[in-house]
Amino acid sequence: DDTRSLEVCVSRGPGADCYAGLRIPDDAGLVGRAFTRREVIFVPDAAGEPGWYDPARIQASGLASILLVPLVFEHRAVGVLGVDSPRFR
């Protein structure tokens, strides 16, 4: 399979079980945008944001806001760190 994807390695806290085993194409949704464009993205209303790869998963997690930070090493994107909050908006 030549498809490039991002995989959740660790997830903790409320809603973490919603991300277990998650794999998405590296160019899909907001996580893919953070990865391919090396762009920090803050989503103050996670449930109301239409740009997710899997919106149902975000709804099920109960998260309120999400900060996506691309991980870059030697000018190459290697992953995305997501910091979530079930309360902050």
# chains A, B, ... in the order shown; residues from 1 in each chain; ligands from 1
call {"tool": "residues_around", "arguments": {"residues": "region 51-53 of chain A", "least_positions_apart": "4", "cutoff": "7 Å", "atoms": "only C-alpha atoms", "output": "VMD selection string"}}
result
chain A and resid 28 to 30
call {"tool": "residues_around", "arguments": {"residues": "region 80-87 of chain A", "least_positions_apart": "4", "cutoff": "8 Å", "atoms": "only C-alpha atoms", "output": "ChimeraX atom specification"}}
result
/A:14,31,34-35,62-71
call {"tool": "residues_around", "arguments": {"residues": "Ser11 (chain A)", "least_positions_apart": "2", "cutoff": "12 Å", "atoms": "only C-alpha atoms", "output": "list in words"}}
result
Glu7, Val8, Cys9, Gly13, Pro14, Gly15, Ala16, Asp17, Cys18, Tyr19, Ala20, Gly21, Leu22, Ser61, Leu81, Gly82, Val83 and Asp84 of chain A
call {"tool": "atom_distance", "arguments": {"atom1": "CA of Arg57 (chain A)", "atom2": "CA of Ala77 (chain A)"}}
result
24.3 Å
call {"tool": "select_by_dssp", "arguments": {"residues": "chain A", "states": "alpha helix (DSSP H)", "output": "PyMOL selection string"}}
result
chain A and resi 29-37+55-61
call {"tool": "residues_around", "arguments": {"residues": "Pro25 (chain A)", "least_positions_apart": "4", "cutoff": "8 Å", "atoms": "only C-alpha atoms", "output": "JSON, numbers by chain"}}
result
{"A": [3, 4, 5, 6, 32]}
call {"tool": "residues_around", "arguments": {"residues": "Glu49 (chain A)", "least_positions_apart": "4", "cutoff": "10 Å", "atoms": "only C-alpha atoms", "output": "mmCIF file with all heavy atoms, in the first residue's frame"}}
result
data_model
loop_
_atom_site.group_PDB
_atom_site.id
_atom_site.type_symbol
_atom_site.label_atom_id
_atom_site.label_comp_id
_atom_site.auth_asym_id
_atom_site.auth_seq_id
_atom_site.Cartn_x
_atom_site.Cartn_y
_atom_site.Cartn_z
ATOM 1 N N LEU A 30 -8.052 18.476 8.992
ATOM 2 C CA LEU A 30 -7.238 19.491 9.663
ATOM 3 C C LEU A 30 -5.889 18.947 10.120
ATOM 4 O O LEU A 30 -4.882 19.651 10.059
ATOM 5 C CB LEU A 30 -7.992 20.075 10.859
ATOM 6 C CG LEU A 30 -9.238 20.879 10.523
ATOM 7 C CD1 LEU A 30 -9.927 21.337 11.789
ATOM 8 C CD2 LEU A 30 -8.892 22.070 9.654
ATOM 9 N N VAL A 43 -8.441 25.102 17.018
ATOM 10 C CA VAL A 43 -9.863 24.929 16.737
ATOM 11 C C VAL A 43 -10.624 25.181 18.041
ATOM 12 O O VAL A 43 -10.656 24.319 18.918
ATOM 13 C CB VAL A 43 -10.157 23.508 16.209
ATOM 14 C CG1 VAL A 43 -11.621 23.360 15.867
ATOM 15 C CG2 VAL A 43 -9.285 23.186 15.006
ATOM 16 N N PRO A 44 -11.227 26.364 18.200
ATOM 17 C CA PRO A 44 -11.904 26.689 19.456
ATOM 18 C C PRO A 44 -13.218 25.946 19.662
ATOM 19 O O PRO A 44 -13.659 25.772 20.790
ATOM 20 C CB PRO A 44 -12.138 28.191 19.364
ATOM 21 C CG PRO A 44 -12.131 28.492 17.913
ATOM 22 C CD PRO A 44 -11.213 27.489 17.273
ATOM 23 N N ASP A 45 -13.849 25.496 18.571
ATOM 24 C CA ASP A 45 -15.112 24.768 18.669
ATOM 25 C C ASP A 45 -14.997 23.486 17.847
ATOM 26 O O ASP A 45 -15.400 23.443 16.685
ATOM 27 C CB ASP A 45 -16.261 25.639 18.160
ATOM 28 C CG ASP A 45 -17.604 24.928 18.215
ATOM 29 O OD1 ASP A 45 -17.715 23.868 18.865
ATOM 30 O OD2 ASP A 45 -18.554 25.446 17.605
ATOM 31 N N PRO A 55 -15.518 13.536 11.323
ATOM 32 C CA PRO A 55 -16.253 14.379 12.265
ATOM 33 C C PRO A 55 -16.991 13.594 13.351
ATOM 34 O O PRO A 55 -17.103 14.052 14.484
ATOM 35 C CB PRO A 55 -17.244 15.147 11.398
ATOM 36 C CG PRO A 55 -16.785 14.981 10.000
ATOM 37 C CD PRO A 55 -15.929 13.756 9.948
ATOM 38 N N ILE A 58 -14.771 13.010 16.334
ATOM 39 C CA ILE A 58 -14.592 14.223 17.138
ATOM 40 C C ILE A 58 -15.831 14.444 18.011
ATOM 41 O O ILE A 58 -15.722 14.749 19.196
ATOM 42 C CB ILE A 58 -14.343 15.452 16.233
ATOM 43 C CG1 ILE A 58 -13.054 15.277 15.426
ATOM 44 C CG2 ILE A 58 -14.302 16.732 17.045
ATOM 45 C CD1 ILE A 58 -11.785 15.171 16.236
ATOM 46 N N SER A 65 -12.138 21.983 22.407
ATOM 47 C CA SER A 65 -11.169 22.700 21.580
ATOM 48 C C SER A 65 -9.931 21.841 21.380
ATOM 49 O O SER A 65 -9.631 20.958 22.178
ATOM 50 C CB SER A 65 -10.780 24.029 22.215
ATOM 51 O OG SER A 65 -10.205 23.803 23.484
#
call {"tool": "select_by_dssp", "arguments": {"residues": "chain A", "states": "strand (DSSP E)", "output": "PyMOL selection string"}}
result
chain A and resi 5-7+23-25+41-43+65-73+76-85
call {"tool": "atom_distance", "arguments": {"atom1": "CA of Phe73 (chain A)", "atom2": "CA of Asp54 (chain A)"}}
result
27.1 Å
call {"tool": "atom_distance", "arguments": {"atom1": "CA of Ala47 (chain A)", "atom2": "CA of Val78 (chain A)"}}
result
26.6 Å
